[in-house]
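Reproduced below: my_file_38.tsv, with TSV, C-alpha atoms and all ligand atoms.
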chain	number	residue	atom	x	y	z
A	1	MET	CA	-7.22	5.40	-18.53
A	2	ASP	CA	-5.63	2.33	-16.98
A	3	THR	CA	-4.45	2.23	-13.38
A	4	ILE	CA	-0.81	3.05	-14.02
A	5	GLU	CA	-1.82	6.00	-16.22
A	6	ILE	CA	-4.06	7.35	-13.43
A	7	LEU	CA	-1.18	7.00	-10.94
A	8	LYS	CA	1.17	8.86	-13.29
A	9	ASP	CA	-1.43	11.53	-14.01
A	10	CYS	CA	-1.93	12.20	-10.26
A	11	GLY	CA	1.80	12.25	-9.57
A	12	ALA	CA	1.51	9.06	-7.49
A	13	PHE	CA	3.94	7.26	-9.79
A	14	LEU	CA	6.93	9.29	-10.89
A	15	GLU	CA	9.55	8.36	-13.46
A	16	GLY	CA	12.97	9.95	-13.39
A	17	HIS	CA	16.12	9.48	-11.31
A	18	PHE	CA	15.49	9.25	-7.57
A	19	LEU	CA	17.53	9.04	-4.41
A	20	LEU	CA	15.62	6.73	-2.05
A	21	SER	CA	15.76	6.97	1.74
A	22	SER	CA	17.81	3.75	1.66
A	23	GLY	CA	20.52	5.63	-0.27
A	24	ARG	CA	19.84	3.62	-3.42
A	25	HIS	CA	18.87	5.15	-6.78
A	26	SER	CA	15.82	4.22	-8.85
A	27	GLY	CA	14.07	5.19	-12.06
A	28	GLY	CA	10.60	5.21	-10.48
A	29	TYR	CA	8.93	6.31	-7.29
A	30	CYS	CA	5.47	5.61	-5.89
A	31	GLN	CA	3.65	7.93	-3.45
A	32	CYS	CA	0.04	6.76	-3.04
A	33	ALA	CA	-0.97	9.84	-1.02
A	34	GLN	CA	-0.83	11.69	-4.34
A	35	LEU	CA	-3.63	9.44	-5.63
A	36	LEU	CA	-5.64	9.47	-2.40
A	37	ARG	CA	-5.92	13.25	-2.44
A	38	TYR	CA	-8.41	12.74	-5.31
A	39	PRO	CA	-11.28	10.68	-3.84
A	40	ASP	CA	-12.93	10.06	-7.22
A	41	ARG	CA	-9.74	8.75	-8.80
A	42	ALA	CA	-8.95	6.64	-5.72
A	43	ALA	CA	-12.44	5.15	-6.03
A	44	GLU	CA	-11.78	4.34	-9.69
A	45	VAL	CA	-8.41	2.71	-8.98
A	46	LEU	CA	-9.80	0.67	-6.09
A	47	ALA	CA	-12.99	-0.48	-7.87
A	48	PRO	CA	-11.36	-3.60	-9.44
A	49	VAL	CA	-9.79	-4.42	-6.07
A	50	ALA	CA	-13.21	-4.23	-4.39
A	51	GLN	CA	-14.54	-6.60	-7.07
A	52	ALA	CA	-11.63	-9.01	-6.51
A	53	VAL	CA	-12.13	-9.21	-2.73
A	54	LYS	CA	-15.93	-9.21	-2.69
A	55	GLY	CA	-16.10	-12.99	-2.55
A	56	LEU	CA	-13.94	-13.12	0.59
A	57	TYR	CA	-16.93	-11.85	2.62
A	58	ALA	CA	-14.85	-9.77	5.02
A	59	SER	CA	-17.01	-7.97	7.58
A	60	LYS	CA	-14.29	-5.42	8.31
A	61	ILE	CA	-11.33	-3.94	6.48
A	62	CYS	CA	-8.41	-3.01	8.67
A	63	GLY	CA	-5.60	-0.77	7.42
A	64	PRO	CA	-2.49	-0.03	9.45
A	65	ALA	CA	-2.01	3.74	9.98
A	66	MET	CA	-1.27	5.87	8.04
A	67	GLY	CA	-1.11	4.30	4.60
A	68	GLY	CA	-3.86	1.72	5.05
A	69	ILE	CA	-6.56	3.93	6.56
A	70	ILE	CA	-7.91	5.69	3.48
A	71	VAL	CA	-7.67	2.50	1.42
A	72	ALA	CA	-9.71	0.67	4.10
A	73	TYR	CA	-12.29	3.47	4.12
A	74	GLU	CA	-12.74	3.53	0.34
A	75	LEU	CA	-12.90	-0.26	-0.03
A	76	ALA	CA	-15.39	-0.50	2.86
A	77	ARG	CA	-17.49	2.19	1.21
A	78	GLN	CA	-17.57	0.21	-2.04
A	79	LEU	CA	-18.21	-3.13	-0.31
A	80	GLY	CA	-20.66	-1.93	2.32
A	81	CYS	CA	-18.67	-3.15	5.32
A	82	GLU	CA	-16.77	-1.51	8.19
A	83	ALA	CA	-13.36	0.20	8.07
A	84	ILE	CA	-11.07	0.15	11.09
A	85	PHE	CA	-7.35	0.68	11.61
A	86	THR	CA	-4.43	-0.40	13.72
A	87	GLU	CA	-1.76	2.08	14.81
A	88	ARG	CA	1.51	2.16	16.68
A	89	LYS	CA	1.63	3.10	20.35
A	90	ASP	CA	5.17	3.19	21.77
A	91	ASN	CA	6.13	1.59	18.45
A	92	ILE	CA	3.88	-1.45	19.06
A	93	MET	CA	1.06	-2.05	16.55
A	94	CYS	CA	-2.30	-2.25	18.30
A	95	LEU	CA	-6.07	-1.87	17.89
A	96	ARG	CA	-7.33	1.17	19.83
A	97	ARG	CA	-10.19	3.71	19.86
A	98	GLY	CA	-12.76	1.13	20.92
A	99	PHE	CA	-12.34	-0.92	17.72
A	100	THR	CA	-12.97	-4.64	18.25
A	101	VAL	CA	-12.91	-7.82	16.18
A	102	GLY	CA	-14.92	-10.92	17.03
A	103	GLN	CA	-13.80	-14.53	17.40
A	104	GLY	CA	-13.69	-16.02	13.90
A	105	GLU	CA	-14.54	-12.69	12.26
A	106	ARG	CA	-13.29	-12.39	8.66
A	107	ILE	CA	-11.02	-9.38	8.23
A	108	LEU	CA	-9.32	-8.02	5.12
A	109	ILE	CA	-6.12	-6.00	5.60
A	110	SER	CA	-5.60	-2.89	3.46
A	111	GLU	CA	-2.39	-1.05	2.58
A	112	ASP	CA	-1.40	1.68	0.17
A	113	VAL	CA	1.81	-0.10	-0.87
A	114	VAL	CA	3.01	-3.58	0.09
A	115	THR	CA	6.80	-3.68	-0.03
A	116	THR	CA	8.32	-5.65	2.85
A	117	GLY	CA	4.99	-6.70	4.34
A	118	LYS	CA	6.20	-5.58	7.78
A	119	SER	CA	3.24	-3.42	8.86
A	120	THR	CA	0.86	-5.95	7.29
A	121	MET	CA	2.31	-8.82	9.32
A	122	GLU	CA	2.17	-6.75	12.52
A	123	THR	CA	-1.52	-6.01	11.88
A	124	VAL	CA	-2.23	-9.67	11.10
A	125	LYS	CA	-0.65	-10.65	14.42
A	126	VAL	CA	-2.72	-8.13	16.42
A	127	LEU	CA	-6.00	-9.25	14.83
A	128	GLU	CA	-5.26	-12.98	14.97
A	129	GLU	CA	-4.46	-12.70	18.67
A	130	LEU	CA	-7.97	-11.27	19.08
A	131	GLY	CA	-9.41	-14.32	17.27
A	132	ALA	CA	-9.97	-12.84	13.79
A	133	VAL	CA	-9.46	-14.75	10.55
A	134	ILE	CA	-7.38	-12.76	8.03
A	135	VAL	CA	-8.65	-13.39	4.51
A	136	GLY	CA	-6.11	-11.40	2.48
A	137	VAL	CA	-4.43	-8.08	1.79
A	138	ALA	CA	-5.82	-5.42	-0.57
A	139	CYS	CA	-3.56	-2.60	-1.74
A	140	ILE	CA	-3.04	0.05	-4.39
A	141	ALA	CA	0.48	-1.04	-5.37
A	142	ASP	CA	2.11	-4.41	-4.93
A	143	ARG	CA	5.85	-3.80	-4.76
A	144	ARG	CA	6.77	-6.98	-2.92
A	145	ALA	CA	10.43	-7.83	-2.85
A	146	ALA	CA	11.52	-11.39	-3.56
A	147	ASP	CA	12.20	-11.92	0.15
A	148	CYS	CA	8.76	-10.70	1.32
A	149	ALA	CA	7.56	-13.00	4.10
A	150	LEU	CA	3.87	-12.42	3.39
A	151	THR	CA	1.97	-15.66	2.72
A	152	LEU	CA	-1.55	-14.16	2.52
A	153	PRO	CA	-3.19	-13.61	-0.88
A	154	VAL	CA	-2.54	-10.04	-2.10
A	155	PHE	CA	-5.08	-8.11	-4.21
A	156	PRO	CA	-3.36	-5.07	-5.76
A	157	ALA	CA	-4.74	-2.41	-8.09
A	158	VAL	CA	-1.36	-2.49	-9.81
A	159	LYS	CA	1.87	-4.46	-9.63
A	160	LEU	CA	4.93	-2.23	-9.74
A	161	ASN	CA	8.40	-3.52	-10.42
A	162	ILE	CA	10.69	-0.64	-9.56
A	163	GLU	CA	14.35	-1.56	-9.73
A	164	SER	CA	16.82	0.18	-7.47
A	165	TYR	CA	20.60	0.39	-7.69
A	166	GLU	CA	23.62	1.15	-5.56
A	167	PRO	CA	24.81	4.65	-6.56
A	168	ASP	CA	28.09	3.19	-7.90
A	169	ASP	CA	26.14	0.81	-10.10
A	170	CYS	CA	23.28	3.09	-11.28
A	171	PRO	CA	22.61	3.03	-15.05
A	172	LEU	CA	20.84	6.43	-14.79
A	173	CYS	CA	23.97	7.99	-13.26
A	174	ARG	CA	26.06	6.43	-16.05
A	175	GLU	CA	23.71	7.80	-18.71
A	176	GLY	CA	24.19	11.23	-17.08
A	177	ARG	CA	21.04	12.74	-18.60
A	178	MET	CA	19.21	13.55	-15.35
A	179	PRO	CA	20.58	14.57	-11.95
A	180	VAL	CA	19.44	12.38	-9.06
A	181	VAL	CA	16.69	14.01	-6.94
A	182	LYS	CA	14.98	13.22	-3.66
A	183	PRO	CA	11.31	12.40	-4.37
A	184	GLY	CA	9.06	15.24	-3.26
A	185	SER	CA	11.82	17.83	-3.28
A	186	ARG	CA	11.48	18.66	-6.96
A	187	GLY	CA	8.84	18.47	-9.64
A	188	ARG	CA	5.37	17.48	-8.45
A	201	ZN	ZN	21.74	7.14	-10.13
Once you've parsed the file, please lay out its structure as structure tokens.
Ligand SMILES: [Zn+2]
Amino acid sequence: MDTIEILKDCGAFLEGHFLLSSGRHSGGYCQCAQLLRYPDRAAEVLAPVAQAVKGLYASKICGPAMGGIIVAYELARQLGCEAIFTERKDNIMCLRRGFTVGQGERILISEDVVTTGKSTMETVKVLEELGAVIVGVACIADRRAADCALTLPVFPAVKLNIESYEPDDCPLCREGRMPVVKPGSRGR
């Protein structure tokens, strides 16, 4: 089974007619937590990513909470390095819980989905200020928009191109075959 088939099979990638939190409509929706609830399938999906980043020789993988934590843990397990995470305190991304990074230490960032790159860039900033060298970003799904500011190399398990539409301009609404639903409220 290829990666996209595994995501569909777990309910992590849904096809249909969705109302997104932005108010836009789309024909696809990605929820990586639905993959990560199956550790063995998450391991399978992330194995090629671990292979792709092996040569970066990161000593730690750092995933911003929540989405990046399990991805960091699984990749670190496969690569034999450490997994840490950044989190927001008073809405500011920071490294807590006694986690440290050394001067010049090579760190890989992990995410479940990269879309805007916002949480990734915040994590990069925190770690660079502590002297770390960020070697790249590993993720399950690369959904980067054209205006994504991320300049680091990205290593995804899958690249997803999910188009979204203004409700007035939605081809799925025009087709009229399926009512629009909020992801998670119906089906799986
Ligand atoms: Zn629609």
So how many Å separate CA of Glu111 in chain A and CA of Gly55 in chain A, to one decimal?
-> 18.9 Å
Determine the nearest neighbour of Ser59 in chain A from the options A:Val113, A:Val133, A:Cys148, A:Met1, counting only C-alpha atoms.
-> A:Val133
Against ligand ZN 201 (chain A), which residues of chain A fall within 7 Å? For each one I want the closest pair of atoms and the distance in Å (one decimal), counting all atoms listed in the file, rows by chain and increasing residue number, as a tab-separated table.
residue	atom	partner	partner_atom	distance
A:His17	CA	A:ZN201	ZN	6.2
A:His25	CA	A:ZN201	ZN	4.8
A:Ser26	CA	A:ZN201	ZN	6.7
A:Pro167	CA	A:ZN201	ZN	5.3
A:Cys170	CA	A:ZN201	ZN	4.5
A:Pro171	CA	A:ZN201	ZN	6.5
A:Leu172	CA	A:ZN201	ZN	4.8
A:Cys173	CA	A:ZN201	ZN	3.9
A:Val180	CA	A:ZN201	ZN	5.8
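The shortest atom-to-atom distance to Phe85 in chain A, with all atoms listed in the file taken into account, belongs to A:Ile61 out of A:Leu20, A:Leu108, A:Leu130, A:Ile61.
In this model, the gap between CA of Thr115 in chain A and CA of Ala145 in chain A comes to 6.2 Å.
Nearest residue to Asp9 in chain A among A:Val53, A:Ser21, A:Arg41, A:Asp90 is A:Arg41, counting only C-alpha atoms.
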Name the residues within 8 Å of (21.3, 0.7, -3.7), counting only C-alpha atoms in the file's coordinates, and put them as a VMD selection string.
-> chain A and resid 22 to 25 164 to 167
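Take the candidates A:Val71, A:Leu95, A:Ala149, A:Ile107 and check each one against Tyr57 in chain A using only C-alpha atoms; the shortest distance goes to A:Ile107.
In this comparison, which uses all atoms listed in the file, the residue of A:Asp169, A:Glu105, A:Gly27, A:Val158 approaching Lys182 in chain A most closely is A:Gly27.
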Between CA of Ile69 in chain A and CA of Ala33 in chain A, what is the distance, to one decimal in Å?
-> 11.1 Å
Please provide the set of residues having any atom within 10 Å of Arg77 in chain A, restricted to only C-alpha atoms, with same-chain residues fewer than 6 positions apart removed, written as JSON, numbers by chain.
-> {"A": [43, 50, 71, 83]}
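Proximity of A:Leu127, A:Val137, A:Gly176, A:Cys10 to Ala72 in chain A, computed with only C-alpha atoms, is greatest for A:Val137.
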Selection as number ranges by chain: residues within 12 Å of (1.8, -6.9, 1.7), counting only C-alpha atoms = A: 63-64, 67-68, 108-124, 136-156, 159
Could you write range 1-29 of chain A as a PDB file, in the frame of the given file, with N, CA and C atoms rebuilt where they are missing?
ATOM      1  N   MET A   1      -8.595   5.341 -19.053  1.00  0.00           N
ATOM      2  CA  MET A   1      -7.220   5.400 -18.530  1.00  0.00           C
ATOM      3  C   MET A   1      -6.967   4.193 -17.638  1.00  0.00           C
ATOM      4  N   ASP A   2      -5.867   3.475 -17.856  1.00  0.00           N
ATOM      5  CA  ASP A   2      -5.630   2.330 -16.980  1.00  0.00           C
ATOM      6  C   ASP A   2      -4.975   2.801 -15.672  1.00  0.00           C
ATOM      7  N   THR A   3      -4.864   1.868 -14.740  1.00  0.00           N
ATOM      8  CA  THR A   3      -4.450   2.230 -13.380  1.00  0.00           C
ATOM      9  C   THR A   3      -3.115   2.956 -13.349  1.00  0.00           C
ATOM     10  N   ILE A   4      -2.145   2.434 -14.067  1.00  0.00           N
ATOM     11  CA  ILE A   4      -0.810   3.050 -14.020  1.00  0.00           C
ATOM     12  C   ILE A   4      -0.845   4.461 -14.607  1.00  0.00           C
ATOM     13  N   GLU A   5      -1.678   4.658 -15.632  1.00  0.00           N
ATOM     14  CA  GLU A   5      -1.820   6.000 -16.220  1.00  0.00           C
ATOM     15  C   GLU A   5      -2.446   6.970 -15.222  1.00  0.00           C
ATOM     16  N   ILE A   6      -3.429   6.496 -14.457  1.00  0.00           N
ATOM     17  CA  ILE A   6      -4.060   7.350 -13.430  1.00  0.00           C
ATOM     18  C   ILE A   6      -3.007   7.718 -12.376  1.00  0.00           C
ATOM     19  N   LEU A   7      -2.215   6.729 -11.944  1.00  0.00           N
ATOM     20  CA  LEU A   7      -1.180   7.000 -10.940  1.00  0.00           C
ATOM     21  C   LEU A   7      -0.171   8.029 -11.450  1.00  0.00           C
ATOM     22  N   LYS A   8       0.226   7.898 -12.703  1.00  0.00           N
ATOM     23  CA  LYS A   8       1.170   8.860 -13.290  1.00  0.00           C
ATOM     24  C   LYS A   8       0.536  10.233 -13.378  1.00  0.00           C
ATOM     25  N   ASP A   9      -0.724  10.266 -13.814  1.00  0.00           N
ATOM     26  CA  ASP A   9      -1.430  11.530 -14.010  1.00  0.00           C
ATOM     27  C   ASP A   9      -1.588  12.302 -12.697  1.00  0.00           C
ATOM     28  N   CYS A  10      -1.780  11.557 -11.583  1.00  0.00           N
ATOM     29  CA  CYS A  10      -1.930  12.200 -10.260  1.00  0.00           C
ATOM     30  C   CYS A  10      -0.589  12.562  -9.643  1.00  0.00           C
ATOM     31  N   GLY A  11       0.497  12.058 -10.206  1.00  0.00           N
ATOM     32  CA  GLY A  11       1.800  12.250  -9.570  1.00  0.00           C
ATOM     33  C   GLY A  11       2.074  11.212  -8.495  1.00  0.00           C
ATOM     34  N   ALA A  12       1.293  10.125  -8.479  1.00  0.00           N
ATOM     35  CA  ALA A  12       1.510   9.060  -7.490  1.00  0.00           C
ATOM     36  C   ALA A  12       2.601   8.106  -7.951  1.00  0.00           C
ATOM     37  N   PHE A  13       2.841   8.061  -9.265  1.00  0.00           N
ATOM     38  CA  PHE A  13       3.940   7.260  -9.790  1.00  0.00           C
ATOM     39  C   PHE A  13       4.798   8.170 -10.655  1.00  0.00           C
ATOM     40  N   LEU A  14       6.026   8.372 -10.189  1.00  0.00           N
ATOM     41  CA  LEU A  14       6.930   9.290 -10.890  1.00  0.00           C
ATOM     42  C   LEU A  14       8.032   8.495 -11.575  1.00  0.00           C
ATOM     43  N   GLU A  15       8.412   8.948 -12.760  1.00  0.00           N
ATOM     44  CA  GLU A  15       9.550   8.360 -13.460  1.00  0.00           C
ATOM     45  C   GLU A  15      10.644   9.411 -13.566  1.00  0.00           C
ATOM     46  N   GLY A  16      11.860   9.009 -13.358  1.00  0.00           N
ATOM     47  CA  GLY A  16      12.970   9.950 -13.390  1.00  0.00           C
ATOM     48  C   GLY A  16      14.222   9.293 -12.832  1.00  0.00           C
ATOM     49  N   HIS A  17      14.865   9.960 -11.893  1.00  0.00           N
ATOM     50  CA  HIS A  17      16.120   9.480 -11.310  1.00  0.00           C
ATOM     51  C   HIS A  17      16.097   9.881  -9.838  1.00  0.00           C
ATOM     52  N   PHE A  18      15.806   8.917  -8.963  1.00  0.00           N
ATOM     53  CA  PHE A  18      15.490   9.250  -7.570  1.00  0.00           C
ATOM     54  C   PHE A  18      16.495   8.679  -6.590  1.00  0.00           C
ATOM     55  N   LEU A  19      16.745   9.501  -5.550  1.00  0.00           N
ATOM     56  CA  LEU A  19      17.530   9.040  -4.410  1.00  0.00           C
ATOM     57  C   LEU A  19      16.548   8.574  -3.347  1.00  0.00           C
ATOM     58  N   LEU A  20      16.546   7.293  -3.042  1.00  0.00           N
ATOM     59  CA  LEU A  20      15.620   6.730  -2.050  1.00  0.00           C
ATOM     60  C   LEU A  20      16.179   6.915  -0.644  1.00  0.00           C
ATOM     61  N   SER A  21      15.299   6.789   0.359  1.00  0.00           N
ATOM     62  CA  SER A  21      15.760   6.970   1.740  1.00  0.00           C
ATOM     63  C   SER A  21      16.802   5.922   2.123  1.00  0.00           C
ATOM     64  N   SER A  22      16.812   4.802   1.421  1.00  0.00           N
ATOM     65  CA  SER A  22      17.810   3.750   1.660  1.00  0.00           C
ATOM     66  C   SER A  22      19.192   4.136   1.139  1.00  0.00           C
ATOM     67  N   GLY A  23      19.257   5.240   0.349  1.00  0.00           N
ATOM     68  CA  GLY A  23      20.520   5.630  -0.270  1.00  0.00           C
ATOM     69  C   GLY A  23      20.674   5.084  -1.680  1.00  0.00           C
ATOM     70  N   ARG A  24      19.770   4.179  -2.078  1.00  0.00           N
ATOM     71  CA  ARG A  24      19.840   3.620  -3.420  1.00  0.00           C
ATOM     72  C   ARG A  24      19.197   4.573  -4.441  1.00  0.00           C
ATOM     73  N   HIS A  25      19.475   4.366  -5.703  1.00  0.00           N
ATOM     74  CA  HIS A  25      18.870   5.150  -6.780  1.00  0.00           C
ATOM     75  C   HIS A  25      17.831   4.309  -7.510  1.00  0.00           C
ATOM     76  N   SER A  26      16.797   4.958  -8.048  1.00  0.00           N
ATOM     77  CA  SER A  26      15.820   4.220  -8.850  1.00  0.00           C
ATOM     78  C   SER A  26      15.281   5.103  -9.962  1.00  0.00           C
ATOM     79  N   GLY A  27      14.652   4.481 -10.924  1.00  0.00           N
ATOM     80  CA  GLY A  27      14.070   5.190 -12.060  1.00  0.00           C
ATOM     81  C   GLY A  27      12.584   5.456 -11.866  1.00  0.00           C
ATOM     82  N   GLY A  28      12.027   5.001 -10.744  1.00  0.00           N
ATOM     83  CA  GLY A  28      10.600   5.210 -10.480  1.00  0.00           C
ATOM     84  C   GLY A  28      10.355   5.402  -9.010  1.00  0.00           C
ATOM     85  N   TYR A  29       9.269   6.078  -8.695  1.00  0.00           N
ATOM     86  CA  TYR A  29       8.930   6.310  -7.290  1.00  0.00           C
ATOM     87  C   TYR A  29       7.412   6.352  -7.154  1.00  0.00           C
TER      88      TYR A  29
END
